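Below is one structure, written out as structure tokens; the observations come after it.
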Amino acid sequence: MRPMIRNNLLAIVLTLAAVAVPAKGWSYGYNPWTTMTGEKTLAINPFVYNTTTLSPFTLSADLIAWYGLSAKVDVAVNFSTLNILTPFSWGGFWLMPRVEIAPNNILGLTVGYTGSALALKPEYDLIIYPEKGIFKFEANLRVPITVGAATGATLDVQAVLVPILEFVKNKFAFFVEVNPYVNIVPTAALPVPINPGLWFGFADAKHQIMLALTGMSFAGGTFGVSPGIGLCYYTTVAFK
């Protein structure tokens, strides 16, 4: 499960964006950026993920950190996207400031560079964590825009919808991430990735690990599988 749940799960993130810019179908598995990081708090959140299928095997990594400027403002930085085995290459970086406009309602803007194109990604994050019961829900709505790519500018709309069942509070949860994604410019039909996975919390969720199975999707009414994996770690350090 993705880090960044601060109340019940203490925060789990998720963005795929297996890149410095949005891609057609995230590779992480469980991608929403959720509740605020916390004032004067640093979050360390590396990702390692397989970007296509298990055979041939590929591997990429994102080096992500978060810092809470205040209780309602934070900023995330992906210092580098590294394609390790494809062969080794640099996939860019991104920066995302966010502001909480209402409890568990967050606006963000990602500014990134892929090495060949600039990208903007306005987004809205919604978190629903009832006080009782095991069901929780997280969602993102993103509008990825790229400028300067060899194929021309693009405009897309993406949702990241994640129902979560937290079976053991702060210790164990199951999630299924669904990523509907629509090309506006140029117009195109895209598959809908579906990424199930497990989240584990240790030391009252001070340390968090997410393991996801990626590569499943619906396209044209057909269900397809190209197995991949996503793994991330999340922890925080407070400077108060």
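Within each chain, counting starts at residue 1; across the structure tokens, chains are named A, B, ... in the order shown, with ligands numbered 1 upward in that order.
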
Exercise. Within 12 Å of Ile134 of chain A, counting only C-alpha atoms, which residues show up once you throw out same-chain ones fewer than 4 positions away? Write them as an NGL selection string, please.
Key: :A and (8-9 or 128-130 or 163-170 or 172-175)

Extract, using only C-alpha atoms, all DNA, RNA and protein residues at most 7 Å from Asn179 of chain A, discarding same-chain residues fewer than 2 positions from it, and format them as a PDB file with N, CA and C atoms, in the first residue's frame.
```pdb
ATOM      1  N   GLY A  25      -0.563   4.467 -17.713  1.00  0.00           N
ATOM      2  CA  GLY A  25      -0.678   3.327 -16.818  1.00  0.00           C
ATOM      3  C   GLY A  25       0.490   3.313 -15.860  1.00  0.00           C
ATOM      4  N   GLN A 158      -6.588  11.561 -15.914  1.00  0.00           N
ATOM      5  CA  GLN A 158      -6.375  10.276 -15.262  1.00  0.00           C
ATOM      6  C   GLN A 158      -6.978  10.290 -13.864  1.00  0.00           C
ATOM      7  N   ALA A 159      -7.594   9.185 -13.494  1.00  0.00           N
ATOM      8  CA  ALA A 159      -8.065   8.983 -12.125  1.00  0.00           C
ATOM      9  C   ALA A 159      -7.299   7.806 -11.522  1.00  0.00           C
ATOM     10  N   VAL A 160      -7.036   7.881 -10.241  1.00  0.00           N
ATOM     11  CA  VAL A 160      -6.421   6.783  -9.498  1.00  0.00           C
ATOM     12  C   VAL A 160      -7.366   6.462  -8.342  1.00  0.00           C
ATOM     13  N   LEU A 161      -8.043   5.332  -8.414  1.00  0.00           N
ATOM     14  CA  LEU A 161      -9.084   4.968  -7.463  1.00  0.00           C
ATOM     15  C   LEU A 161      -8.621   3.755  -6.670  1.00  0.00           C
ATOM     16  N   GLU A 177      -5.837  -1.003  -6.865  1.00  0.00           N
ATOM     17  CA  GLU A 177      -5.745   0.291  -7.532  1.00  0.00           C
ATOM     18  C   GLU A 177      -6.264   0.174  -8.962  1.00  0.00           C
ATOM     19  N   TYR A 181      -7.709   6.106 -17.637  1.00  0.00           N
ATOM     20  CA  TYR A 181      -6.845   7.128 -18.228  1.00  0.00           C
ATOM     21  C   TYR A 181      -7.371   7.433 -19.624  1.00  0.00           C
ATOM     22  N   VAL A 192      -7.145   0.121 -19.049  1.00  0.00           N
ATOM     23  CA  VAL A 192      -7.352   0.545 -17.661  1.00  0.00           C
ATOM     24  C   VAL A 192      -6.567  -0.393 -16.755  1.00  0.00           C
ATOM     25  N   PRO A 193      -5.400   0.041 -16.236  1.00  0.00           N
ATOM     26  CA  PRO A 193      -4.613  -0.820 -15.358  1.00  0.00           C
ATOM     27  C   PRO A 193      -5.327  -1.114 -14.041  1.00  0.00           C
ATOM     28  N   ILE A 194      -5.108  -2.324 -13.519  1.00  0.00           N
ATOM     29  CA  ILE A 194      -5.654  -2.751 -12.231  1.00  0.00           C
ATOM     30  C   ILE A 194      -4.508  -3.382 -11.449  1.00  0.00           C
TER      31      ILE A 194
END
```

Polymer residues at most 10 Å from Ser80 of chain A, only C-alpha atoms, same-chain spacing of 4 or more positions, as a PDB file with C-alpha atoms, in the first residue's frame:
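Everything below was put into around.pdb:
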```pdb
ATOM      1  CA  VAL A  19       8.342   8.598 -14.462  1.00  0.00           C
ATOM      2  CA  ALA A  20       8.957  12.251 -14.036  1.00  0.00           C
ATOM      3  CA  ALA A  61      13.547   3.357  -9.382  1.00  0.00           C
ATOM      4  CA  ASP A  62      12.233   6.732  -8.237  1.00  0.00           C
ATOM      5  CA  LEU A  63      13.983   8.596  -5.429  1.00  0.00           C
ATOM      6  CA  ILE A  64      11.172  10.577  -3.768  1.00  0.00           C
ATOM      7  CA  TRP A  90      17.794   8.724 -16.738  1.00  0.00           C
ATOM      8  CA  GLY A  91      14.044   9.261 -16.869  1.00  0.00           C
ATOM      9  CA  GLY A  92      13.846  12.803 -15.468  1.00  0.00           C
ATOM     10  CA  PHE A  93      12.622  14.425 -12.256  1.00  0.00           C
ATOM     11  CA  TRP A  94       9.615  16.274 -10.882  1.00  0.00           C
ATOM     12  CA  THR A 114      11.523  13.689 -18.746  1.00  0.00           C
TER      13      THR A 114
END
```

Practice problem: Name all residues at most 8 Å from Ala219 of chain A (count only C-alpha atoms; drop same-chain ones fewer than 5 positions away) and give them as a PyMOL selection string. | Solution: chain A and resi 190-192+224

Quiz prompt | Residue neighbourhood segment 67-72 of chain A, 9 Å, only C-alpha atoms, exclusion window fewer than 3 positions, as a PyMOL selection string | solution = chain A and resi 36-43+75-77+98-101+106

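Minimum distance to Asp156 of chain A across A:Leu120, A:Glu138, A:Leu126, A:Tyr113 (counting only C-alpha atoms) occurs at A:Leu120.
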